[in-house]
Amino acid sequence: MRIPHTLAALLLAALAACSSIAPGPGGRTGPGAARPTLESEQARLADLFRGTPVVFAMQGDGSLRVTVPLRYSFDPGRYAVKPPLAAVLDRIASSQRHEPTRFAVAAPPDPNTRAVRLASDRAASTRDYLVARGIEPTRFSITGLGDGEEVVLLVGDAVH
């Protein structure tokens, strides 16, 4: 399924409009900057992606749950990250690169299949995309087979 041009344009425009992280005290970003809370990140990301099908929701355990519909994440039968999912992952990587948060990734197979290998490859591809953007691989757990038709990323201090 193709991504509607308006959705792709909206995601790319939102990403371009917010291409930098707000500096912390003394104009710093990174490890020495003030740590944004996941609640403030949830609000910022939800505002940034308003009008898109991406959902950012705080969980009872204090973790941030990010969901992106499968059709905007991967092509059928493939596990290469598509541009709309990449836009979301870029924002998460830039805000969490220097934070002590952990990540859990789950991705579904194509609808009406139980292709466990494809689901695992999609979850690994999502992890690898974030690792390529500076998130340490030791901060991840991959649950592989997701339920439903969305990629789920949990971000938090106690995520396993």
# chains A, B, ... in the order shown; residues from 1 in each chain; ligands from 1
$ closest_atom_pairs --of "region 23-126 of chain A" --to "region 149-154 of chain A" --cutoff "9 Å" --atoms "only C-alpha atoms" --output "JSON lines"
{"residue": "A:Ser63", "atom": "CA", "partner": "A:Leu154", "partner_atom": "CA", "distance": 6.4}
{"residue": "A:Leu64", "atom": "CA", "partner": "A:Leu154", "partner_atom": "CA", "distance": 5.6}
{"residue": "A:Arg65", "atom": "CA", "partner": "A:Leu154", "partner_atom": "CA", "distance": 4.6}
{"residue": "A:Val66", "atom": "CA", "partner": "A:Leu153", "partner_atom": "CA", "distance": 5.1}
{"residue": "A:Thr67", "atom": "CA", "partner": "A:Val152", "partner_atom": "CA", "distance": 4.7}
{"residue": "A:Val68", "atom": "CA", "partner": "A:Val151", "partner_atom": "CA", "distance": 5.2}
{"residue": "A:Pro69", "atom": "CA", "partner": "A:Glu150", "partner_atom": "CA", "distance": 4.1}
{"residue": "A:Leu70", "atom": "CA", "partner": "A:Glu150", "partner_atom": "CA", "distance": 4.5}
{"residue": "A:Arg71", "atom": "CA", "partner": "A:Glu150", "partner_atom": "CA", "distance": 8.0}
{"residue": "A:Tyr72", "atom": "CA", "partner": "A:Glu150", "partner_atom": "CA", "distance": 8.9}
{"residue": "A:Ser73", "atom": "CA", "partner": "A:Val151", "partner_atom": "CA", "distance": 7.1}
{"residue": "A:Leu85", "atom": "CA", "partner": "A:Val151", "partner_atom": "CA", "distance": 8.9}
{"residue": "A:Arg102", "atom": "CA", "partner": "A:Leu154", "partner_atom": "CA", "distance": 8.0}
{"residue": "A:Phe103", "atom": "CA", "partner": "A:Leu154", "partner_atom": "CA", "distance": 5.5}
{"residue": "A:Ala104", "atom": "CA", "partner": "A:Leu154", "partner_atom": "CA", "distance": 5.0}
{"residue": "A:Val105", "atom": "CA", "partner": "A:Leu153", "partner_atom": "CA", "distance": 4.7}
{"residue": "A:Ala106", "atom": "CA", "partner": "A:Val152", "partner_atom": "CA", "distance": 5.2}
{"residue": "A:Ala107", "atom": "CA", "partner": "A:Val151", "partner_atom": "CA", "distance": 4.5}
{"residue": "A:Pro108", "atom": "CA", "partner": "A:Glu149", "partner_atom": "CA", "distance": 6.1}
{"residue": "A:Pro109", "atom": "CA", "partner": "A:Glu149", "partner_atom": "CA", "distance": 8.0}
{"residue": "A:Asp110", "atom": "CA", "partner": "A:Glu149", "partner_atom": "CA", "distance": 7.8}
{"residue": "A:Pro111", "atom": "CA", "partner": "A:Glu149", "partner_atom": "CA", "distance": 6.8}
{"residue": "A:Arg122", "atom": "CA", "partner": "A:Val151", "partner_atom": "CA", "distance": 8.7}
{"residue": "A:Ala123", "atom": "CA", "partner": "A:Val151", "partner_atom": "CA", "distance": 8.0}
{"residue": "A:Thr126", "atom": "CA", "partner": "A:Val151", "partner_atom": "CA", "distance": 8.9}
$ closest_residue --among "A:Gly60, A:Thr113, A:Leu45, A:Ala80" --to "Gly156 (chain A)" --atoms "only C-alpha atoms"
A:Gly60
$ closest_residue --among "A:Pro137, A:Asp157, A:Val131, A:Asp147" --to "Ile92 (chain A)" --atoms "only C-alpha atoms"
A:Val131
$ closest_residue --among "A:Ala124, A:Val155, A:Leu118, A:Ala43" --to "Thr101 (chain A)" --atoms "only C-alpha atoms"
A:Val155
$ closest_residue --among "A:Gln59, A:Ser120, A:Gln96, A:Asn112" --to "Glu136 (chain A)" --atoms "only C-alpha atoms"
A:Gln96
$ atom_distance --atom1 "CA of Thr52 (chain A)" --atom2 "CA of Gly77 (chain A)"
23.6 Å
$ residues_around --residues "Ala132 (chain A)" --least-positions-apart "5" --cutoff "12 Å" --atoms "only C-alpha atoms" --output "PyMOL selection string"
chain A and resi 86+89-90+93-94+97+125-127+137
$ atom_distance --atom1 "CA of Pro53 (chain A)" --atom2 "CA of Val88 (chain A)"
11.3 Å
